[in-house]
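These notes are about the structure you will find just below.
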Amino acid sequence: MRRTFVLTVLAGVLTASTLSAQEREIRGRVTGAPSGAGLADALVDVVGAQYQAVSDRTGSFVIRAPSGEVRLRVSLLGYTTTEVVVGASQSDVQILMDQDVLNITGVVVTGRATSVQRRNLANAVATVVASDMDRTPAESVEKQIVGRVSGALIETNSGAPGGGIQVRLRGVSTINGASEPLYVVDGVIVSNVGIPSNQNAITAASGGSNPSLSQDAVVNRIADLNPNDIERIEILKGASAAAIYGSKAANGVVVITTKRGRPGETRFNLTQRFGVFDLSNKIGFRAFETVDEAVAAFGEGARGVYSGTGYDYEEILAGRNDLSTETVFDASGGTESTRFYASALLKNDEGIIANTGFEKEAMRLNLTQQVGEGATLSLNSAVTHTLAQRGITNNDNSGTSYYMVFPFTPNFVDLNPDADGIYPANPFERSNPLQTAEMVTNDEDVWRFITSGSLDLRLMSSATSRLDLKATGGVDYFQQVNELFAPPEVQFEPNDGLLGTSLLSNSSNLNVNIGANLVHSYTPTSGSYSAMTSAGVQFEDADLNIARITSQNLIAGQSNVNAGTVVGVNELRNRVRDFGVYAQEELLLLEERLLLSAGIRGDRSSANGDTGAYFVYPKAAASYRFPELSGSIDEMKVRMAWGQSGNRPLFGQKFTPLTAINNIEGIPGVSVGGVTGSADLEPERQSEIEAGVDLTLFGGRATLETTVYQKNISNMILSRTLAPSTGFTSQIFNGGELRVRGLELAAAATPVNTETTTWISRATFFLDRSRVNSIPVPSFRVGGFGTSLGSYEIEEGASVTQIVTNLGLDAGGNVIVGAIGDANPDFKMAFSNEVQWGAFSLFGLLDWQKGGTIVNLTKLLYDFGQNYADHDEPTPDFDMGDGTLISGTTGEVRLGRWLSGDSRGYFEDASYVKLRELSLSYAVPASVVESLMGNRVESLQINFSGRNLLTFTDYSGLDPEVSNFGNQAVARNIDVAPFPPSRSFWLSVNVSF
Amino acid sequence: MRNSIAVTALLGALTLGGCEVDLAIPDYNNPSLEELVSNPTPTLVNTAAQGLLIGTRSQMASRNGYVSLLGILGRESYNFDGSDPRFITEMLDGDLDPGSPAFGANLWNQRYQNIRNANILLNALDAVQGMSAQELEAIRGFAKTIQALDLLLVVNTRDANGAVIDTDRPVDADPAPIVSKDAAMDYIAGLLDEAEGNLAAGGSSFSFLLTSGFDGFDDPASFAQFNRALRARVAVYQGDWATALTALSESFIDTGASLDMGVYHVFGTGAGDTRNSLYDPGAGPDILAHPSIVADAELQPGGAVDERVGRKIRSVAGQTQQGVTTDVAFTIYGSSNTPIPYIRNEELILLRAEANIGAGNIAPAIVDINFIRENSGGLAPRAGLDATNILDELLTQKRYSLLFEGGHRWIDMRRYGKLGDLPLAVPSHQVNAMFPIPEAEQLARGG
């Protein structure tokens, strides 16, 4: 039935392509400056009508047009959109396109199936293109857009190889809901879930006062993408831009389009990189001058151990500089009807600690097949394997995490292995970090398969209207296997009486997407306006299943979980199904100066209390271009957009479960858990209004984009703290309102643009402020380990990211609890400059964060151990506020204040400036290339680059980008024994042929 | 054009079809509470009864659980976990913090969670079909006994700060008032007495399974002896000596039986079971004993130290943390499976001595105390015991007999106003007398 239908439609399309009396054909050729070579794949359309054509491999095209004089518009990514007038009798045209170095023109993907000319765009949608992402390798795509997107706060959680990076668009959008942006790759929603490794079974981090498994140094799975495959990324930052994605769009949408072949000779690209990672910061140890000092701090046990030598254990642990490599290969090409892009990646990052590192192997094939004149079939598929080895870091309660052990280990004790490679036991803690790094493995293996298919079908085309069907379907499947093995010989293993630990977790995730969209474009014969109407349906199913096995007492030292005598299992399954419909109208009026658009989306979800109810999200936007205002302003655009989106509940939040996983001597029992759900739970609702002014200046030499926005998040999913005497500690419910306001600036300029020299300079700046407008419950805490260690307090009238702690004593000697700071930075700013001078190209990116507060619990641990580097420095007595004086050395006073109710000594400013990227490329002259490699090779480039080469900060911890709890809606910036940070240096050779 | 109409129709059909798609997805991970509340079956009811044993065991044997924290406060034990210095800073040095979930605010939530479990179960008993009246009564007696025990543990930690007793209320109702310790103890006593009545009408067997920790106390009649034993402890804590002596006589007290006879929390290493985390066998354990236990111990006639010290304490390499030093650890919990008593014969004999002292019957108290000295400690009977010194002697015997098995030392010393007699490792340390009402509980009441 369906096949018959498709064939009927195709037949209709094919028979429709004959010229009518009012039409003519124009032939032309599109070429690019400066070389004058033909440009394939340029989109040619007739302004004021609905004819379109695409240039072929030589740049040639044939387009139908109305009789009479017409204006042709040609657009192509990377080139300035160009318009030419074709006279009534003219049938041949040559069009030269300039490179669009500032990315001023072109189309921006804004809808499910539609895009808008950038010059008309009503939202500040950021676009990052491949050429801006390929200079310095990164393990995960988020690092490639750091500093390029105004409004995107991108922070790594630790220095661990393999990812674990949070992207927060336009501030905090939720407290208890999903906090990650929605990632859409080639039309398919892909999973960015982070699955804990279960290292908790070794670290016992959740055994303390915060039971969250997110302390497992979790990798969010967008790390599986191959950044080299990405053609462009569009970032829809808030609800007004992303409303069409409905109840999954509250945190913004990252729309990723992968590369595709262009007609022409097959082009090959090979990049080989060599690099090293290098420990970039250390905390240091206290220096013990005398044995008595050592004994005073570490007890009599230190007397026999004291050596007078001070080992630099951070360097010994994390000082590796092994060779890392990356090989990137792609091939692309095709004919007008069949195009392909194929790629392969082999990546091996060697970590700075033994048994750590990151590997990625990826292959992709993107095929595009034209079927007749009006139908295109695309198939994009990618297979990726990643292996992240992340060691044992972050918080623990078992003396196993490296930087949890150092604070209690004086640097005079010798922990180095003997001649036979046997590590001595650490007499001061339960483990020897050098031994742990050498013998304990923590491997996260992921195989991932993402495939999507789409059918673009031109159902109808005439001078005035066009109707397209775009149907997409896709599958994103991955299997993550976490294997941790601590052999019986490791020092910490006997601590629980069970020798050896082997952990095996198998997680699988399947996302299935199906959608269909209809797009109707209409321009009346007068050409006075054009209208684009689109409508569609989407169905999505996301099914995550995590099964864990914890096996202990591996007497034989075998890692197979069968070998343990004490075995625990755990399964967690989360599944959400969504169904949505939308319709949207976009009108271009007044010679394409005025854009008016409106849309509506309705969503149902299995995660909502009522799975049958539609939640409706409207949007509306307008923009107007004022061309040639004054001498230096080429064009000014004012724009305003309003829209709503949702954040549906997480799986399970609506349920009140009975816990059935426990037993006693094998006798099963059920009992209530700590959380009670809410059977009528609804999605959070975000309303956003944004307004902006965009300027194009000095003949296209500079642009400035200014945006202000306000988001109001209402009906939030909150967790009401119940009186624990009810038997429940919290209840999930909807309520309250959060407001976020912000300012975003993005500027770009080409101060120099000559034949031989181009200088492109860009800057982004943004800030946002949040305010909890109302919460229907008393102030409550989220995240952290308790007041004295810093806790986020959600309080009416305050910033959602405010941190509270003990601030000292009042005159009566009572501890004052209050706000000490805010995790959210005052602002972020980034500068990038690229200078191309002949064959040389130099690029640098500086990333500046001002403000933000971190609680440095690592330092507190060092003070507990009387082992912080500045411990012995003199300091004045400190008055607690009630006249009590704390005296002693710096370390003693800091800890003494904390013990007496003043935790402020551990809260620090998170400001930093980082040299994120520095890259110098040299394009070997063609003559040299030819003499070296023959005329088969088109170009040869050599590149030196580095990432995170320099960090300037007053923060005394390892890295001001830190989150012990991984990606968090609110509670980041808690520093507990993270993986130390590294910088990387790369030498790359790129050959195109 | 016809084609576009067809496609539009198709899209419309998809939309309408989509509206029909049932998105409902059940909770794949847990059974629902709703079933137990509105549609209880005998199987579910019995499973919920068994769940009470799991609930009441929770947070007993963890490293920051009831035995461990009360042991630290009563100067029986230390926890030298380097990752969390609050085992010293908050427990021994500073004040207990109502905002610190693992310490000052601890030992509250789990107890009330299980009290809610018991309430849900008791309500389900009114709705369940297919169980006999005797079976229902037996479960009622069991559930109320466990509920009373959970509440007693709350009062033990919060003491004069009070407790919440009106617990069978809707979750969204205003929080129940916090009542005084006396009112809470009266409520517990009444609940145990009610439970005894239910057990008496409960027939000859329970419909659910009990653990091996209840061997010998696993039918309604013998379980009632356990109920009476708890009632005796409550009466002694209330200073109601006559009731205590009556309840003891109805309990399983028996000087002819093993001192270890009693009812126990059991632990296991099987999947889903809970381990006894107080088992800490390493050469440098975190869970350590207070050195005063050895220093203060009496010697046996042959010169050897009190047998109880020999049985319960081992020497380890000296450890120092934040000025606190010890070189002894426990052997009481010799494996991850070692049970922890709810209550046992040795405590009952000491409770009888204590009740007799309170009632002024010194002679029978001397008999019981010397029985414990000889049979548990291997010590000579103490001569010269009289009204002036017998209480101290009793507290000493309770200290060694019930060492590190449920905070007895701290509770007993508090009851007699003797917390000031506990040894301080560092002069600036203090003995916290009671846990505060947790911050969440205070916030729910507006402050």
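Labeling convention for the structure tokens: chains A, B, ... as they appear, residues from 1 per chain, ligands from 1 in order of appearance.
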Practice item. Could you give me the residues within segment 181-368 of chain B that DSSP places in helix (DSSP H, G or I), as a VMD selection string? Key: chain B and resid 181 to 200 212 to 214 220 to 238 241 to 250 292 to 295 307 to 312 345 to 359 362 to 368
Those residues with C-alpha atoms, as a PDB file, in the first residue's frame please?
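Wrote part28.pdb, looks like this:
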```pdb
ATOM      1  CA  LYS B 181      10.310  12.096  75.989  1.00  0.00           C
ATOM      2  CA  ASP B 182       7.960  10.983  78.775  1.00  0.00           C
ATOM      3  CA  ALA B 183       4.939  11.076  76.507  1.00  0.00           C
ATOM      4  CA  ALA B 184       6.832   9.121  73.868  1.00  0.00           C
ATOM      5  CA  MET B 185       7.942   6.481  76.393  1.00  0.00           C
ATOM      6  CA  ASP B 186       4.370   6.131  77.650  1.00  0.00           C
ATOM      7  CA  TYR B 187       3.219   5.674  74.070  1.00  0.00           C
ATOM      8  CA  ILE B 188       5.885   3.013  73.438  1.00  0.00           C
ATOM      9  CA  ALA B 189       4.917   1.176  76.624  1.00  0.00           C
ATOM     10  CA  GLY B 190       1.254   1.253  75.606  1.00  0.00           C
ATOM     11  CA  LEU B 191       2.065   0.012  72.111  1.00  0.00           C
ATOM     12  CA  LEU B 192       4.033  -2.926  73.486  1.00  0.00           C
ATOM     13  CA  ASP B 193       1.183  -3.808  75.816  1.00  0.00           C
ATOM     14  CA  GLU B 194      -1.308  -3.631  72.946  1.00  0.00           C
ATOM     15  CA  ALA B 195       0.954  -5.849  70.921  1.00  0.00           C
ATOM     16  CA  GLU B 196       1.089  -8.370  73.724  1.00  0.00           C
ATOM     17  CA  GLY B 197      -2.715  -8.573  73.647  1.00  0.00           C
ATOM     18  CA  ASN B 198      -2.694  -9.062  69.877  1.00  0.00           C
ATOM     19  CA  LEU B 199      -0.062 -11.789  70.135  1.00  0.00           C
ATOM     20  CA  ALA B 200      -2.108 -13.593  72.781  1.00  0.00           C
ATOM     21  CA  SER B 212      17.212 -17.197  62.296  1.00  0.00           C
ATOM     22  CA  GLY B 213      17.688 -14.241  64.638  1.00  0.00           C
ATOM     23  CA  PHE B 214      14.262 -15.168  66.014  1.00  0.00           C
ATOM     24  CA  PRO B 220       3.208 -15.645  68.763  1.00  0.00           C
ATOM     25  CA  ALA B 221       3.617 -17.096  72.259  1.00  0.00           C
ATOM     26  CA  SER B 222       7.423 -17.005  72.345  1.00  0.00           C
ATOM     27  CA  PHE B 223       7.526 -13.748  70.404  1.00  0.00           C
ATOM     28  CA  ALA B 224       5.468 -12.333  73.287  1.00  0.00           C
ATOM     29  CA  GLN B 225       8.436 -13.097  75.584  1.00  0.00           C
ATOM     30  CA  PHE B 226      10.575 -10.898  73.334  1.00  0.00           C
ATOM     31  CA  ASN B 227       7.840  -8.271  73.525  1.00  0.00           C
ATOM     32  CA  ARG B 228       7.990  -8.453  77.344  1.00  0.00           C
ATOM     33  CA  ALA B 229      11.753  -8.189  77.323  1.00  0.00           C
ATOM     34  CA  LEU B 230      11.498  -4.929  75.390  1.00  0.00           C
ATOM     35  CA  ARG B 231       8.743  -3.809  77.728  1.00  0.00           C
ATOM     36  CA  ALA B 232      11.083  -4.423  80.669  1.00  0.00           C
ATOM     37  CA  ARG B 233      13.791  -2.271  79.079  1.00  0.00           C
ATOM     38  CA  VAL B 234      11.246   0.486  78.503  1.00  0.00           C
ATOM     39  CA  ALA B 235       9.991   0.253  82.096  1.00  0.00           C
ATOM     40  CA  VAL B 236      13.541   0.460  83.462  1.00  0.00           C
ATOM     41  CA  TYR B 237      14.185   3.522  81.290  1.00  0.00           C
ATOM     42  CA  GLN B 238      10.954   4.987  82.698  1.00  0.00           C
ATOM     43  CA  TRP B 241      10.582  -0.700  88.557  1.00  0.00           C
ATOM     44  CA  ALA B 242       7.517  -2.775  89.447  1.00  0.00           C
ATOM     45  CA  THR B 243       6.358  -2.998  85.850  1.00  0.00           C
ATOM     46  CA  ALA B 244       9.893  -3.846  84.815  1.00  0.00           C
ATOM     47  CA  LEU B 245      10.082  -6.752  87.249  1.00  0.00           C
ATOM     48  CA  THR B 246       6.698  -8.062  86.109  1.00  0.00           C
ATOM     49  CA  ALA B 247       7.624  -7.796  82.448  1.00  0.00           C
ATOM     50  CA  LEU B 248      10.968  -9.500  83.112  1.00  0.00           C
ATOM     51  CA  SER B 249       9.216 -12.392  84.774  1.00  0.00           C
ATOM     52  CA  GLU B 250       7.138 -12.821  81.606  1.00  0.00           C
ATOM     53  CA  SER B 292      39.754   3.027  78.516  1.00  0.00           C
ATOM     54  CA  ILE B 293      37.948  -0.282  78.082  1.00  0.00           C
ATOM     55  CA  VAL B 294      41.234  -2.096  78.654  1.00  0.00           C
ATOM     56  CA  ALA B 295      42.623   0.410  81.133  1.00  0.00           C
ATOM     57  CA  GLU B 307      37.116 -12.283  80.151  1.00  0.00           C
ATOM     58  CA  ARG B 308      34.796  -9.914  78.359  1.00  0.00           C
ATOM     59  CA  VAL B 309      37.737  -7.761  77.312  1.00  0.00           C
ATOM     60  CA  GLY B 310      39.537 -10.839  76.091  1.00  0.00           C
ATOM     61  CA  ARG B 311      36.468 -11.897  74.126  1.00  0.00           C
ATOM     62  CA  LYS B 312      35.662  -8.529  72.620  1.00  0.00           C
ATOM     63  CA  ASN B 345      19.471 -12.721  78.260  1.00  0.00           C
ATOM     64  CA  GLU B 346      22.523 -10.948  79.717  1.00  0.00           C
ATOM     65  CA  GLU B 347      20.838  -7.564  79.401  1.00  0.00           C
ATOM     66  CA  LEU B 348      17.666  -8.935  80.992  1.00  0.00           C
ATOM     67  CA  ILE B 349      19.571 -10.134  84.056  1.00  0.00           C
ATOM     68  CA  LEU B 350      21.226  -6.738  84.354  1.00  0.00           C
ATOM     69  CA  LEU B 351      17.860  -5.019  83.861  1.00  0.00           C
ATOM     70  CA  ARG B 352      16.484  -7.132  86.712  1.00  0.00           C
ATOM     71  CA  ALA B 353      19.355  -6.033  88.897  1.00  0.00           C
ATOM     72  CA  GLU B 354      18.751  -2.435  87.926  1.00  0.00           C
ATOM     73  CA  ALA B 355      15.003  -2.658  88.628  1.00  0.00           C
ATOM     74  CA  ASN B 356      15.679  -4.230  91.995  1.00  0.00           C
ATOM     75  CA  ILE B 357      18.175  -1.513  92.858  1.00  0.00           C
ATOM     76  CA  GLY B 358      15.599   1.071  91.877  1.00  0.00           C
ATOM     77  CA  ALA B 359      12.950  -0.670  93.960  1.00  0.00           C
ATOM     78  CA  ILE B 362      19.575  -4.683  97.080  1.00  0.00           C
ATOM     79  CA  ALA B 363      19.965  -8.370  97.929  1.00  0.00           C
ATOM     80  CA  PRO B 364      18.537  -9.870  94.719  1.00  0.00           C
ATOM     81  CA  ALA B 365      20.392  -7.199  92.737  1.00  0.00           C
ATOM     82  CA  ILE B 366      23.700  -8.311  94.276  1.00  0.00           C
ATOM     83  CA  VAL B 367      22.950 -11.877  93.263  1.00  0.00           C
ATOM     84  CA  ASP B 368      22.349 -10.913  89.641  1.00  0.00           C
TER      85      ASP B 368
END
```
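For segment 197-269 of chain B, a DSSP pass over the backbone yields strand (DSSP E or B) at Gly262, Val263, Tyr264 and His265 of chain B.
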With N, CA and C atoms retained, could you export that selection as a short mmCIF file (atom, residue, chain, number, x, y, z; two decimals), in the first residue's frame?
```
data_model
loop_
_atom_site.label_atom_id
_atom_site.label_comp_id
_atom_site.auth_asym_id
_atom_site.auth_seq_id
_atom_site.Cartn_x
_atom_site.Cartn_y
_atom_site.Cartn_z
N GLY B 262 18.63 -14.90 72.92
CA GLY B 262 17.88 -13.67 72.68
C GLY B 262 17.48 -13.54 71.23
N VAL B 263 17.15 -12.34 70.87
CA VAL B 263 16.65 -12.06 69.53
C VAL B 263 17.67 -11.14 68.85
N TYR B 264 17.95 -11.45 67.58
CA TYR B 264 19.06 -10.77 66.89
C TYR B 264 18.67 -10.23 65.52
N HIS B 265 19.31 -9.10 65.18
CA HIS B 265 19.36 -8.67 63.78
C HIS B 265 20.36 -9.57 63.07
#
```
**Study point:** Residue neighbourhood Asn123 of chain B, 12 Å, only C-alpha atoms, exclusion window fewer than 4 positions, as number ranges by chain
**Key:** B: 36-40, 45, 48, 116-119, 127-128, 136, 139-140, 143-144, 168-169
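Proximity of B:Gln397, B:Pro85, B:Leu23, B:Phe371 to Gly256 of chain B, computed with only C-alpha atoms, is greatest for B:Phe371.
Interatomic distance, atom CA of Val804 of chain A to atom CA of Thr853 of chain A: 10.8 Å.
Around Asn442 of chain A, within 9 Å and counting only C-alpha atoms, the residues found are A:Ser197, A:Gln199, A:Asn355, A:Thr356, A:Ala388, A:Gln389, A:Arg390, A:Gly391, A:Ile392, A:Val440, A:Glu444, A:Asn482, A:Glu483, A:Leu484, A:Phe485, A:Ala486, once anything fewer than 2 positions away on its own chain is removed.
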